[in-house]
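**Student:** Below is the file model.cif, which contains mmCIF, C-alpha atoms.
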data_work
loop_
_atom_site.label_atom_id
_atom_site.label_comp_id
_atom_site.auth_asym_id
_atom_site.auth_seq_id
_atom_site.Cartn_x
_atom_site.Cartn_y
_atom_site.Cartn_z
CA MET P 576 11.46 20.21 26.25
CA ASN P 577 9.32 21.55 23.43
CA LEU P 578 9.19 19.21 20.44
CA VAL P 579 7.75 20.85 17.35
CA ILE P 580 6.93 19.26 13.97
CA VAL P 581 6.79 21.73 11.11
CA ASP P 582 3.67 21.53 8.96
CA TYR P 583 3.95 23.12 5.53
CA GLY P 584 1.33 21.05 3.75
CA SER P 585 3.70 18.30 2.76
CA GLY P 586 3.15 14.76 3.79
CA ASN P 587 2.26 12.53 6.59
CA LEU P 588 2.97 14.43 9.81
CA ARG P 589 0.62 12.44 11.95
CA SER P 590 2.79 9.33 11.61
CA VAL P 591 5.83 11.30 12.80
CA GLN P 592 3.91 12.62 15.79
CA ARG P 593 2.51 9.19 16.56
CA SER P 594 5.97 7.60 16.43
CA PHE P 595 7.25 10.11 18.98
CA GLU P 596 4.18 9.41 21.11
CA ARG P 597 4.94 5.70 21.10
CA ALA P 598 8.49 6.50 22.19
CA GLY P 599 6.97 8.51 25.06
CA PHE P 600 7.26 12.09 23.77
CA SER P 601 4.48 14.54 23.04
CA SER P 602 4.87 17.05 20.23
CA THR P 603 3.14 19.94 18.51
CA ILE P 604 2.36 20.08 14.78
CA THR P 605 2.34 23.68 13.57
CA HIS P 606 2.88 26.11 10.71
CA ASP P 607 3.00 29.10 13.05
CA PRO P 608 6.47 30.76 12.86
CA THR P 609 6.22 31.88 16.50
CA VAL P 610 5.61 28.33 17.72
CA VAL P 611 8.48 27.10 15.53
CA SER P 612 10.82 29.71 17.00
CA GLU P 613 9.97 28.51 20.52
CA ALA P 614 10.93 24.88 19.80
CA THR P 615 13.76 23.24 21.70
CA HIS P 616 13.64 20.26 19.28
CA LEU P 617 12.55 20.92 15.71
CA VAL P 618 11.46 18.26 13.21
CA VAL P 619 11.07 19.05 9.51
CA PRO P 620 9.58 16.05 7.70
CA GLY P 621 8.05 15.95 4.26
CA VAL P 622 7.64 14.17 0.98
CA GLY P 623 7.11 15.76 -2.42
CA ALA P 624 9.07 18.12 -4.59
CA PHE P 625 11.95 20.31 -3.41
CA SER P 626 10.68 23.49 -5.09
CA ASP P 627 7.15 23.14 -3.66
CA CYS P 628 8.63 22.57 -0.23
CA MET P 629 10.86 25.67 -0.28
CA GLY P 630 8.01 27.69 -1.76
CA ASN P 631 5.58 26.69 1.00
CA LEU P 632 8.09 27.30 3.80
CA GLU P 633 8.77 30.72 2.35
CA LYS P 634 5.07 31.59 2.00
CA LEU P 635 4.39 30.56 5.59
CA GLY P 636 7.32 32.63 6.90
CA LEU P 637 9.04 29.52 8.25
CA LEU P 638 12.46 29.82 6.61
CA ALA P 639 13.79 32.40 9.09
CA PRO P 640 12.83 30.54 12.31
CA ILE P 641 14.15 27.23 10.90
CA ARG P 642 17.45 28.85 9.90
CA GLU P 643 17.75 30.51 13.31
CA HIS P 644 17.06 27.23 15.11
CA ILE P 645 19.87 25.56 13.17
CA GLN P 646 22.29 28.47 13.66
CA GLU P 647 21.77 28.29 17.42
CA ASP P 648 22.67 24.56 17.25
CA LYS P 649 19.40 23.45 18.80
CA PRO P 650 18.42 19.84 18.00
CA TYR P 651 17.10 19.66 14.43
CA LEU P 652 15.82 16.54 12.72
CA GLY P 653 15.24 16.69 8.98
CA ILE P 654 13.47 13.80 7.30
CA CYS P 655 13.59 13.31 3.51
CA LEU P 656 12.78 16.81 2.18
CA GLY P 657 13.76 18.14 5.60
CA LEU P 658 17.26 16.96 4.69
CA GLN P 659 17.23 18.10 1.08
CA ILE P 660 16.33 21.73 1.86
CA LEU P 661 19.54 22.09 3.90
CA PHE P 662 21.61 22.09 0.72
CA THR P 663 22.53 25.03 -1.50
CA GLU P 664 20.36 24.03 -4.39
CA GLY P 665 17.68 21.59 -5.53
CA THR P 666 17.37 20.45 -9.12
CA GLU P 667 13.86 18.91 -9.26
CA PHE P 668 11.58 20.87 -11.65
CA GLY P 669 14.40 23.36 -12.35
CA SER P 670 17.08 24.79 -10.09
CA LYS P 671 15.83 26.25 -6.81
CA PRO P 672 17.87 27.56 -3.88
CA GLY P 673 17.69 25.75 -0.55
CA LEU P 674 18.69 26.94 2.93
CA GLY P 675 22.37 26.58 2.08
CA ILE P 676 23.41 25.15 5.45
CA PHE P 677 25.48 22.57 3.55
CA PRO P 678 27.21 23.50 0.30
CA GLY P 679 26.08 21.03 -2.34
CA GLN P 680 23.29 20.05 -4.68
CA VAL P 681 20.29 17.78 -4.43
CA VAL P 682 20.59 15.48 -7.43
CA ARG P 683 18.64 12.66 -9.06
CA PHE P 684 19.86 9.07 -9.07
CA PRO P 685 21.59 8.37 -12.38
CA LYS P 686 19.58 6.63 -15.06
CA ASN P 687 20.73 3.02 -15.23
CA GLU P 688 19.23 -0.39 -14.62
CA LEU P 689 18.25 0.50 -11.05
CA LYS P 690 14.66 1.52 -10.36
CA VAL P 691 13.87 5.11 -9.40
CA PRO P 692 12.33 5.98 -6.94
CA HIS P 693 14.65 4.17 -4.57
CA MET P 694 11.83 2.58 -2.63
CA GLY P 695 11.94 0.12 0.23
CA TRP P 696 14.18 -1.01 3.09
CA ASN P 697 17.88 -0.45 2.68
CA GLN P 698 20.88 -0.56 5.01
CA ILE P 699 22.93 2.26 6.49
CA GLN P 700 26.68 2.28 6.93
CA ILE P 701 27.50 4.37 9.96
CA LYS P 702 30.36 6.83 9.38
CA LYS P 703 30.10 8.82 12.61
CA GLU P 704 29.47 7.85 16.20
CA LEU P 705 26.57 10.09 17.14
CA PRO P 706 24.26 10.20 20.16
CA ILE P 707 21.28 10.09 17.79
CA LEU P 708 22.54 6.75 16.43
CA LYS P 709 22.86 5.18 19.88
CA ASP P 710 21.73 1.51 19.88
CA ILE P 711 21.37 1.51 16.10
CA PRO P 712 23.60 -1.16 14.59
CA ASN P 713 25.73 -0.68 11.52
CA GLU P 714 23.96 -2.11 8.44
CA ALA P 715 20.54 -1.60 10.04
CA TYR P 716 17.58 -1.39 7.65
CA PHE P 717 15.52 1.80 7.27
CA TYR P 718 12.67 2.67 4.92
CA PHE P 719 13.50 4.90 1.95
CA VAL P 720 11.36 6.47 -0.72
CA HIS P 721 13.02 9.11 -2.89
CA SER P 722 14.40 9.89 -6.34
CA TYR P 723 16.82 12.64 -5.25
CA TYR P 724 19.56 12.80 -2.64
CA GLY P 725 21.74 15.53 -1.17
CA ALA P 726 25.39 15.48 -2.27
CA PRO P 727 27.47 17.57 0.15
CA LYS P 728 30.67 19.20 -1.13
CA ASP P 729 32.33 18.48 2.20
CA PRO P 730 32.17 14.74 3.03
CA VAL P 731 32.80 15.48 6.71
CA VAL P 732 29.06 16.10 7.21
CA ILE P 733 28.11 12.58 6.05
CA ALA P 734 26.80 10.56 9.01
CA THR P 735 25.71 7.42 7.15
CA THR P 736 25.85 6.15 3.60
CA THR P 737 23.64 3.69 1.76
CA ASP P 738 24.33 1.57 -1.30
CA TYR P 739 22.01 1.98 -4.25
CA GLY P 740 24.14 1.58 -7.32
CA LEU P 741 26.42 4.14 -5.71
CA GLN P 742 27.20 4.98 -2.11
CA PHE P 743 24.99 7.98 -1.45
CA PRO P 744 24.83 9.99 1.80
CA SER P 745 21.72 8.68 3.59
CA SER P 746 22.15 11.09 6.50
CA VAL P 747 24.17 14.17 7.34
CA SER P 748 24.98 15.84 10.63
CA GLU P 749 26.63 18.86 12.16
CA GLY P 750 26.48 19.67 15.86
CA ARG P 751 23.00 18.80 17.02
CA LEU P 752 21.57 18.86 13.53
CA PHE P 753 20.80 15.46 12.03
CA ALA P 754 18.99 14.91 8.77
CA CYS P 755 18.19 11.62 7.09
CA GLN P 756 16.93 10.63 3.68
CA PHE P 757 15.17 7.59 5.17
CA HIS P 758 11.95 7.68 7.18
CA PRO P 759 12.39 6.78 10.86
CA GLU P 760 8.61 7.12 11.33
CA LYS P 761 8.13 4.25 8.86
CA SER P 762 11.03 2.13 10.08
CA GLN P 763 9.44 0.20 12.93
CA ASP P 764 11.55 -0.39 16.08
CA LEU P 765 14.85 1.10 14.93
CA GLY P 766 13.07 4.16 13.61
CA ARG P 767 11.44 4.62 16.99
CA GLN P 768 14.84 4.26 18.61
CA LEU P 769 16.26 7.04 16.46
CA LEU P 770 13.35 9.37 17.27
CA GLU P 771 13.75 8.64 20.94
CA ASN P 772 17.48 9.37 20.72
CA PHE P 773 16.67 12.68 19.04
CA ALA P 774 14.18 13.66 21.72
CA ARG P 775 16.85 12.96 24.36
CA LEU P 776 19.43 15.26 22.75
CA MET W 966 21.57 -3.48 -0.31
CA LEU W 967 17.97 -2.73 -1.10
CA ALA W 968 15.81 -5.56 0.24
CA LYS W 969 13.03 -7.21 -1.73
CA ARG W 970 9.75 -6.36 0.00
CA ILE W 971 7.09 -8.72 1.27
CA ILE W 972 3.70 -7.05 1.32
CA PRO W 973 0.64 -8.67 2.87
CA CYS W 974 -2.61 -7.45 1.34
CA LEU W 975 -5.89 -7.15 3.19
CA ASP W 976 -9.13 -7.12 1.23
CA VAL W 977 -11.53 -4.91 3.13
CA LYS W 978 -15.28 -4.81 2.64
CA GLY W 979 -17.52 -2.58 4.72
CA GLY W 980 -14.66 -2.08 7.18
CA ARG W 981 -14.05 -5.78 7.70
CA VAL W 982 -11.34 -8.05 6.38
CA VAL W 983 -12.77 -10.44 3.83
CA LYS W 984 -11.94 -14.11 4.29
CA GLY W 985 -10.98 -13.36 7.88
CA VAL W 986 -9.74 -16.35 9.77
CA ALA W 987 -8.99 -16.72 13.43
CA PHE W 988 -5.48 -15.56 14.22
CA VAL W 989 -4.27 -16.93 17.49
CA ASP W 990 -4.99 -14.55 20.39
CA LEU W 991 -6.91 -12.20 18.18
CA LYS W 992 -10.22 -11.09 19.62
CA ASP W 993 -11.64 -9.91 16.34
CA ALA W 994 -10.46 -11.81 13.27
CA GLY W 995 -12.10 -9.34 10.92
CA ASP W 996 -10.54 -6.18 12.34
CA PRO W 997 -8.04 -4.85 9.77
CA VAL W 998 -6.16 -2.80 12.37
CA GLU W 999 -5.53 -5.82 14.57
CA ILE W 1000 -4.34 -7.87 11.62
CA ALA W 1001 -2.07 -5.02 10.50
CA LYS W 1002 -0.41 -5.09 13.93
CA ILE W 1003 0.16 -8.83 13.70
CA TYR W 1004 1.73 -8.49 10.25
CA GLU W 1005 4.02 -5.76 11.55
CA ALA W 1006 5.12 -8.00 14.41
CA GLN W 1007 5.82 -10.74 11.85
CA GLY W 1008 8.15 -8.43 9.93
CA ALA W 1009 6.00 -7.20 7.04
CA ASP W 1010 7.78 -4.53 5.00
CA GLU W 1011 4.63 -2.71 3.96
CA LEU W 1012 0.92 -3.19 4.10
CA CYS W 1013 -1.70 -2.96 1.41
CA PHE W 1014 -5.41 -2.35 1.94
CA LEU W 1015 -7.71 -3.00 -0.94
CA ASP W 1016 -11.20 -1.64 -0.42
CA ILE W 1017 -13.40 -3.92 -2.46
CA THR W 1018 -16.67 -2.21 -1.63
CA ALA W 1019 -15.53 1.27 -2.50
CA SER W 1020 -19.05 2.63 -2.39
CA SER W 1021 -19.09 6.24 -1.32
CA ASP W 1022 -21.18 5.71 1.82
CA GLU W 1023 -18.63 3.26 3.15
CA ARG W 1024 -15.70 5.55 2.42
CA GLU W 1025 -15.76 6.99 5.91
CA ILE W 1026 -15.34 3.53 7.43
CA LEU W 1027 -12.25 2.92 5.30
CA LEU W 1028 -10.77 6.29 6.26
CA ASP W 1029 -11.27 5.41 9.89
CA ILE W 1030 -9.39 2.14 9.38
CA VAL W 1031 -6.55 3.94 7.61
CA ARG W 1032 -6.31 6.46 10.47
CA HIS W 1033 -6.23 3.77 13.13
CA THR W 1034 -3.73 1.66 11.23
CA ALA W 1035 -1.41 4.61 10.66
CA ASP W 1036 -1.60 5.28 14.39
CA GLU W 1037 -0.77 1.72 15.34
CA VAL W 1038 1.89 0.60 12.88
CA SER W 1039 5.19 2.10 11.75
CA MET W 1040 5.54 1.00 8.14
CA PRO W 1041 4.27 2.24 4.79
CA VAL W 1042 0.60 1.64 4.02
CA THR W 1043 -0.85 1.60 0.50
CA VAL W 1044 -4.59 1.99 0.05
CA GLY W 1045 -6.51 1.23 -3.12
CA GLY W 1046 -10.03 0.68 -4.37
CA GLY W 1047 -12.39 3.24 -5.83
CA VAL W 1048 -9.86 6.09 -5.99
CA ARG W 1049 -11.29 8.39 -8.65
CA THR W 1050 -10.29 11.99 -7.97
CA VAL W 1051 -7.42 14.11 -6.71
CA GLU W 1052 -9.60 14.76 -3.65
CA ASP W 1053 -9.84 10.99 -3.00
CA VAL W 1054 -6.03 10.81 -3.05
CA GLN W 1055 -5.74 13.82 -0.77
CA THR W 1056 -8.26 12.40 1.72
CA LEU W 1057 -6.49 9.03 1.92
CA LEU W 1058 -3.04 10.61 2.32
CA SER W 1059 -4.35 12.93 5.01
CA ALA W 1060 -5.86 9.95 6.83
CA GLY W 1061 -2.38 8.43 7.00
CA ALA W 1062 -1.92 6.38 3.82
CA ASP W 1063 1.60 6.63 2.42
CA LYS W 1064 0.67 5.56 -1.08
CA VAL W 1065 -2.57 5.44 -2.97
CA SER W 1066 -3.26 2.92 -5.68
CA ILE W 1067 -5.22 3.89 -8.78
CA ASN W 1068 -6.69 1.39 -11.19
CA THR W 1069 -9.90 1.97 -13.19
CA ALA W 1070 -9.71 5.77 -12.91
CA ALA W 1071 -6.29 5.72 -14.60
CA VAL W 1072 -7.72 3.85 -17.58
CA ASN W 1073 -10.70 6.21 -17.77
CA ARG W 1074 -8.51 9.28 -17.66
CA PRO W 1075 -4.72 8.81 -17.71
CA GLU W 1076 -4.17 12.52 -17.01
CA PHE W 1077 -5.46 11.85 -13.51
CA VAL W 1078 -2.22 9.98 -12.75
CA ARG W 1079 -0.16 12.92 -14.00
CA GLU W 1080 -2.14 15.40 -11.90
CA ALA W 1081 -1.98 13.29 -8.75
CA SER W 1082 1.73 12.57 -9.03
CA ARG W 1083 2.54 16.20 -9.73
CA GLN W 1084 0.55 17.31 -6.71
CA PHE W 1085 1.54 14.64 -4.18
CA GLY W 1086 4.81 13.31 -5.59
CA SER W 1087 5.40 10.25 -7.76
CA SER W 1088 6.34 8.13 -4.80
CA THR W 1089 2.80 8.35 -3.40
CA ILE W 1090 1.10 7.19 -6.60
CA VAL W 1091 0.83 3.48 -7.39
CA VAL W 1092 -0.90 2.38 -10.58
CA ALA W 1093 -2.59 -0.99 -10.20
CA ILE W 1094 -2.83 -3.05 -13.37
CA ASP W 1095 -5.06 -6.10 -13.68
CA ALA W 1096 -3.82 -8.07 -16.67
CA LYS W 1097 -5.18 -11.12 -18.42
CA ARG W 1098 -3.37 -13.27 -20.97
CA SER W 1099 -4.70 -13.01 -24.53
CA PRO W 1100 -6.15 -16.34 -25.65
CA ASP W 1101 -4.78 -16.06 -29.18
CA LYS W 1102 -1.64 -13.89 -29.01
CA PRO W 1103 1.40 -15.26 -27.17
CA LYS W 1104 3.20 -12.96 -24.72
CA HIS W 1105 0.36 -10.50 -24.83
CA TRP W 1106 -1.72 -9.43 -21.88
CA GLU W 1107 -4.74 -7.14 -21.83
CA VAL W 1108 -5.61 -4.62 -19.12
CA TYR W 1109 -8.92 -5.18 -17.34
CA THR W 1110 -10.82 -2.87 -15.01
CA HIS W 1111 -13.63 -3.17 -12.48
CA GLY W 1112 -12.01 -6.06 -10.69
CA GLY W 1113 -11.36 -7.97 -13.91
CA ARG W 1114 -14.83 -7.62 -15.44
CA ASN W 1115 -14.19 -5.11 -18.21
CA ALA W 1116 -11.69 -5.56 -21.00
CA THR W 1117 -10.01 -2.33 -22.13
CA GLY W 1118 -8.14 -3.35 -25.27
CA LEU W 1119 -4.93 -1.94 -23.74
CA ASP W 1120 -1.68 -3.88 -23.85
CA ALA W 1121 -0.57 -4.35 -20.24
CA ILE W 1122 3.15 -3.87 -20.89
CA GLU W 1123 2.68 -0.71 -22.94
CA TRP W 1124 0.18 0.55 -20.39
CA ALA W 1125 2.70 0.10 -17.58
CA ALA W 1126 5.27 2.10 -19.55
CA LYS W 1127 2.75 4.83 -20.25
CA MET W 1128 1.84 5.07 -16.57
CA GLU W 1129 5.52 5.47 -15.72
CA ASP W 1130 5.68 8.36 -18.20
CA PHE W 1131 2.62 9.88 -16.57
CA GLY W 1132 4.34 9.92 -13.19
CA ALA W 1133 3.40 6.68 -11.45
CA GLY W 1134 5.97 5.83 -8.77
CA GLU W 1135 5.22 2.12 -8.69
CA ILE W 1136 3.22 -0.56 -10.52
CA LEU W 1137 1.07 -3.08 -8.67
CA LEU W 1138 0.72 -5.85 -11.23
CA THR W 1139 -1.95 -8.52 -10.78
CA SER W 1140 -2.43 -11.47 -13.08
CA MET W 1141 -6.16 -12.05 -13.39
CA ASP W 1142 -5.44 -15.54 -14.71
CA GLN W 1143 -3.59 -16.47 -11.55
CA ASP W 1144 -5.43 -14.41 -8.94
CA GLY W 1145 -7.34 -16.58 -6.51
CA LYS W 1146 -5.47 -19.68 -7.63
CA THR W 1147 -2.51 -20.93 -5.68
CA THR W 1148 -0.31 -21.99 -8.57
CA GLY W 1149 2.12 -19.04 -8.58
CA TYR W 1150 2.53 -15.64 -10.23
CA ASP W 1151 2.35 -15.23 -13.99
CA LEU W 1152 6.14 -15.04 -14.20
CA GLU W 1153 6.26 -14.20 -17.89
CA LEU W 1154 3.97 -11.22 -17.40
CA THR W 1155 5.81 -10.05 -14.29
CA ARG W 1156 9.18 -10.25 -15.96
CA ALA W 1157 7.98 -8.53 -19.13
CA VAL W 1158 6.65 -5.54 -17.15
CA CYS W 1159 9.69 -5.39 -14.84
CA GLU W 1160 12.01 -5.28 -17.82
CA ARG W 1161 9.97 -2.59 -19.55
CA VAL W 1162 9.65 0.01 -16.78
CA HIS W 1163 12.17 1.83 -14.56
CA ILE W 1164 9.96 2.09 -11.49
CA PRO W 1165 9.42 -0.60 -8.85
CA VAL W 1166 6.95 -3.38 -9.65
CA ILE W 1167 4.95 -5.35 -7.09
CA ALA W 1168 3.98 -8.84 -8.25
CA SER W 1169 0.50 -10.00 -7.28
CA GLY W 1170 -1.92 -12.83 -7.89
CA GLY W 1171 -1.43 -16.55 -7.45
CA VAL W 1172 0.88 -17.16 -4.49
CA GLY W 1173 0.30 -20.51 -2.83
CA THR W 1174 3.77 -21.49 -1.64
CA LEU W 1175 7.00 -19.83 -0.54
CA GLU W 1176 8.60 -21.07 -3.75
CA HIS W 1177 6.14 -18.82 -5.61
CA LEU W 1178 7.41 -15.76 -3.74
CA TYR W 1179 10.95 -16.77 -4.62
CA GLU W 1180 10.09 -17.19 -8.30
CA GLY W 1181 8.32 -13.82 -8.50
CA LEU W 1182 11.31 -11.99 -7.03
CA THR W 1183 13.95 -13.82 -9.08
CA ILE W 1184 12.58 -15.20 -12.37
CA GLY W 1185 9.84 -12.54 -12.43
CA LYS W 1186 12.36 -9.84 -11.37
CA ALA W 1187 9.76 -8.11 -9.16
CA ASP W 1188 10.88 -5.59 -6.55
CA ALA W 1189 8.21 -6.67 -4.11
CA ALA W 1190 5.91 -9.64 -3.64
CA LEU W 1191 2.34 -9.18 -2.56
CA ALA W 1192 0.26 -12.00 -1.19
CA ALA W 1193 -3.01 -12.25 0.66
CA SER W 1194 -4.23 -15.73 1.40
CA ILE W 1195 -1.02 -17.55 2.36
CA PHE W 1196 -0.47 -15.03 5.16
CA HIS W 1197 -4.12 -14.67 5.89
CA TYR W 1198 -4.83 -18.36 6.33
CA GLN W 1199 -1.53 -18.64 8.18
CA THR W 1200 -0.21 -21.21 5.78
CA TYR W 1201 3.03 -19.34 6.40
CA SER W 1202 3.97 -16.39 8.58
CA ILE W 1203 5.86 -13.49 7.05
CA HIS W 1204 8.86 -14.51 9.18
CA GLU W 1205 8.84 -17.96 7.64
CA ALA W 1206 8.57 -16.50 4.16
CA LYS W 1207 11.54 -14.19 4.71
CA ASP W 1208 13.66 -16.89 6.32
CA TYR W 1209 13.00 -19.07 3.31
CA LEU W 1210 13.90 -16.30 0.85
CA ALA W 1211 17.06 -15.40 2.76
CA LYS W 1212 18.21 -19.03 2.71
CA ARG W 1213 17.74 -19.02 -1.04
CA GLY W 1214 19.86 -15.89 -1.39
CA VAL W 1215 17.17 -13.26 -1.90
CA PRO W 1216 18.02 -10.01 -0.05
CA VAL W 1217 15.29 -9.49 2.55
CA ARG W 1218 15.08 -7.56 5.80
CA LEU W 1219 15.08 -10.09 8.63
#
With the file now loaded, output its structure as structure tokens.

**Tutor:**
Amino acid sequence: MNLVIVDYGSGNLRSVQRSFERAGFSSTITHDPTVVSEATHLVVPGVGAFSDCMGNLEKLGLLAPIREHIQEDKPYLGICLGLQILFTEGTEFGSKPGLGIFPGQVVRFPKNELKVPHMGWNQIQIKKELPILKDIPNEAYFYFVHSYYGAPKDPVVIATTTDYGLQFPSSVSEGRLFACQFHPEKSQDLGRQLLENFARL
Amino acid sequence: MLAKRIIPCLDVKGGRVVKGVAFVDLKDAGDPVEIAKIYEAQGADELCFLDITASSDEREILLDIVRHTADEVSMPVTVGGGVRTVEDVQTLLSAGADKVSINTAAVNRPEFVREASRQFGSSTIVVAIDAKRSPDKPKHWEVYTHGGRNATGLDAIEWAAKMEDFGAGEILLTSMDQDGKTTGYDLELTRAVCERVHIPVIASGGVGTLEHLYEGLTIGKADAALAASIFHYQTYSIHEAKDYLAKRGVPVRL
């Protein structure tokens, strides 16, 4: 097994690596496209803006190996931005194309009485029985911090939903790809469980 | 449902926790990393470090603590105290902080908040506001800096709204009148700010009982409750606090 965490200058990668370590798995943090293409298990984390994220991945030549990894149905874990870039289009700071794995847009929470960013611990409603969700109970709490979420055209890809004024897709999956809007690396024991499940795929 | 957060705060000076008391089975009561681990085991939702020395020569010690804490716990960590430049924010985030709190530097130059949030994302930038009730105007609070020593002439509620416009992702609101006392949050202040802004607000300053946490999250409408001494002196554990809140109908993560 070769677990690789993609580094494109966005966010706290050390905490992802450390969470895997505590679950008993070593990993490599890299921005080298060759190393990324050799991964058996690929993790794309990240916080920040959609357009910056796509721009950096493009600059570093990482879009092609990531796309290839997904097309070969190797285990892929997207966290936060690593989920959002899978969609057709992001809308933060103007429209920007994503990887287009899932038709749909990344949209902002509507303006109403609810606070944005959606920040803190919220529950997931499990829509699909998946190996990566093994031993994770329905309505479990995970840590979220985001203002945008991916809205897939085809609801069949939705793995979990979360209630924040509306039921938004908090994770999506297809084959061995799983991507979540929440942060397993910040979600204590259940987050660790999810990372361990991923590493065992 | 989104849970209300309970956030223990550790005041750190020269790499040591101030007011450290002996936790059971803890070898070093002043070690922030050890205390962070205990709070995680008790069910803390986040952790806040406030560096109250914030002199540049001791910066390295703080960074080391942040690194070790990020290695040992799996929850969001906010670090504040003496954050003045975009480089300071970058250094703390790289060390493993999830959010950085900015106070005096935001008052000195509000554009700093805009620059930092644009570069690192709004969700990483917390603006800390120390507010004190005006002696002569009702429902008016003034922003103070330098740990409550310097008056700024700014209206705390308007300042919070301006910081939201400038890209702050969260407000850490401390009542200087209540801080250090154990008579409860300034609920009027907390509620006024919470109703004015559309970003999460953390209530701080004055918690002495579990009832105070409850009041801050309900009457005060805060999204999160921060407390230092009640957890620190083990008056209550975080578990006890959350059990209490849950029994009173506040959504918390148990």

**Student:** At a cut-off of 9 Å, can you tabulate as a tab-separated table every residue of chain W near chain P together with its closest atom pair and the distance in Å to one decimal, using all atoms listed in the file and ordering rows by chain then number?

**Tutor:**
residue	atom	partner	partner_atom	distance
W:Met966	CA	P:Asn697	CA	5.6
W:Leu967	CA	P:Asn697	CA	4.4
W:Ala968	CA	P:Trp696	CA	5.6
W:Lys969	CA	P:Gly695	CA	7.7
W:Arg970	CA	P:Gly695	CA	6.8
W:Glu1005	CA	P:Gln763	CA	8.2
W:Asp1010	CA	P:Trp696	CA	7.5
W:Glu1011	CA	P:Gly695	CA	8.7
W:Ala1035	CA	P:Ser590	CA	6.4
W:Asp1036	CA	P:Arg593	CA	6.1
W:Glu1037	CA	P:Arg593	CA	8.2
W:Val1038	CA	P:Gln763	CA	7.6
W:Ser1039	CA	P:Lys761	CA	4.6
W:Met1040	CA	P:Lys761	CA	4.2
W:Pro1041	CA	P:Lys761	CA	6.0
W:Leu1058	CA	P:Asn587	CA	7.1
W:Ser1059	CA	P:Asn587	CA	6.8
W:Ala1060	CA	P:Asn587	CA	8.5
W:Gly1061	CA	P:Asn587	CA	6.2
W:Ala1062	CA	P:Asn587	CA	7.9
W:Asp1063	CA	P:Asn587	CA	7.3
W:Arg1083	CA	P:Ala624	CA	8.5
W:Gln1084	CA	P:Gly623	CA	8.0
W:Phe1085	CA	P:Gly623	CA	5.9
W:Gly1086	CA	P:Gly623	CA	4.6
W:Ser1087	CA	P:Gly623	CA	7.9
W:Ser1088	CA	P:Val720	CA	6.7
W:Thr1089	CA	P:Gly623	CA	8.6
W:Gly1134	CA	P:Pro692	CA	6.6
W:Glu1135	CA	P:Pro692	CA	8.3
W:Val1162	CA	P:Lys690	CA	8.3
W:His1163	CA	P:Lys690	CA	4.9
W:Ile1164	CA	P:Lys690	CA	4.9
W:Pro1165	CA	P:Lys690	CA	5.9
W:Asp1188	CA	P:Lys690	CA	8.9
W:Ala1189	CA	P:Gly695	CA	8.9
W:Val1217	CA	P:Trp696	CA	8.6
W:Arg1218	CA	P:Tyr716	CA	6.9

**Student:** Could you write out that same residue set with C-alpha atoms as a compact mmCIF listing (two decimals), in the frame of the given file?

**Tutor:**
# COMPACT_ATOMS: atom_id res chain seq x y z
CA MET W 966 21.57 -3.48 -0.31
CA LEU W 967 17.97 -2.73 -1.10
CA ALA W 968 15.81 -5.56 0.24
CA LYS W 969 13.03 -7.21 -1.73
CA ARG W 970 9.75 -6.36 0.00
CA GLU W 1005 4.02 -5.76 11.55
CA ASP W 1010 7.78 -4.53 5.00
CA GLU W 1011 4.63 -2.71 3.96
CA ALA W 1035 -1.41 4.61 10.66
CA ASP W 1036 -1.60 5.28 14.39
CA GLU W 1037 -0.77 1.72 15.34
CA VAL W 1038 1.89 0.60 12.88
CA SER W 1039 5.19 2.10 11.75
CA MET W 1040 5.54 1.00 8.14
CA PRO W 1041 4.27 2.24 4.79
CA LEU W 1058 -3.04 10.61 2.32
CA SER W 1059 -4.35 12.93 5.01
CA ALA W 1060 -5.86 9.95 6.83
CA GLY W 1061 -2.38 8.43 7.00
CA ALA W 1062 -1.92 6.38 3.82
CA ASP W 1063 1.60 6.63 2.42
CA ARG W 1083 2.54 16.20 -9.73
CA GLN W 1084 0.55 17.31 -6.71
CA PHE W 1085 1.54 14.64 -4.18
CA GLY W 1086 4.81 13.31 -5.59
CA SER W 1087 5.40 10.25 -7.76
CA SER W 1088 6.34 8.13 -4.80
CA THR W 1089 2.80 8.35 -3.40
CA GLY W 1134 5.97 5.83 -8.77
CA GLU W 1135 5.22 2.12 -8.69
CA VAL W 1162 9.65 0.01 -16.78
CA HIS W 1163 12.17 1.83 -14.56
CA ILE W 1164 9.96 2.09 -11.49
CA PRO W 1165 9.42 -0.60 -8.85
CA ASP W 1188 10.88 -5.59 -6.55
CA ALA W 1189 8.21 -6.67 -4.11
CA VAL W 1217 15.29 -9.49 2.55
CA ARG W 1218 15.08 -7.56 5.80

**Student:** Which neighbours of P:Ile676 fall inside 9 Å, counting all atoms listed in the file, when residues of the same chain fewer than 4 positions from it are skipped, and could you give them as a list of chain:residue names?

**Tutor:**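 Here the answer would be P:Arg642, P:Ile645, P:Gln646, P:Ile660, P:Leu661, P:Phe662, P:Thr663.
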
**Student:** Taking (9.8, 17.5, 7.5) in the coordinates of the supplied file, I want to know which residues reach to within 10 Å of it, counting all atoms listed in the file; could you give the answer as a list in words?

**Tutor:**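 Residues with an atom at most 10 Å from (9.8, 17.5, 7.5): Ile580, Val581, Asp582, Tyr583, Gly584, Ser585, Gly586, Asn587, Leu588, Val591, Leu617, Val618, Val619, Pro620, Gly621, Val622, Cys628, Leu652, Gly653, Ile654, Cys655, Leu656, Gly657, Leu658, Gln659, Ile660 and Ala754 of chain P.
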
**Student:** For the file shown, what are the residues hit by the PyMOL selection byres ((chain W and resi 1113) around 10), laid out as a ChimeraX atom specification?

**Tutor:** /W:1094-1097,1108-1112,1114-1116,1139-1142
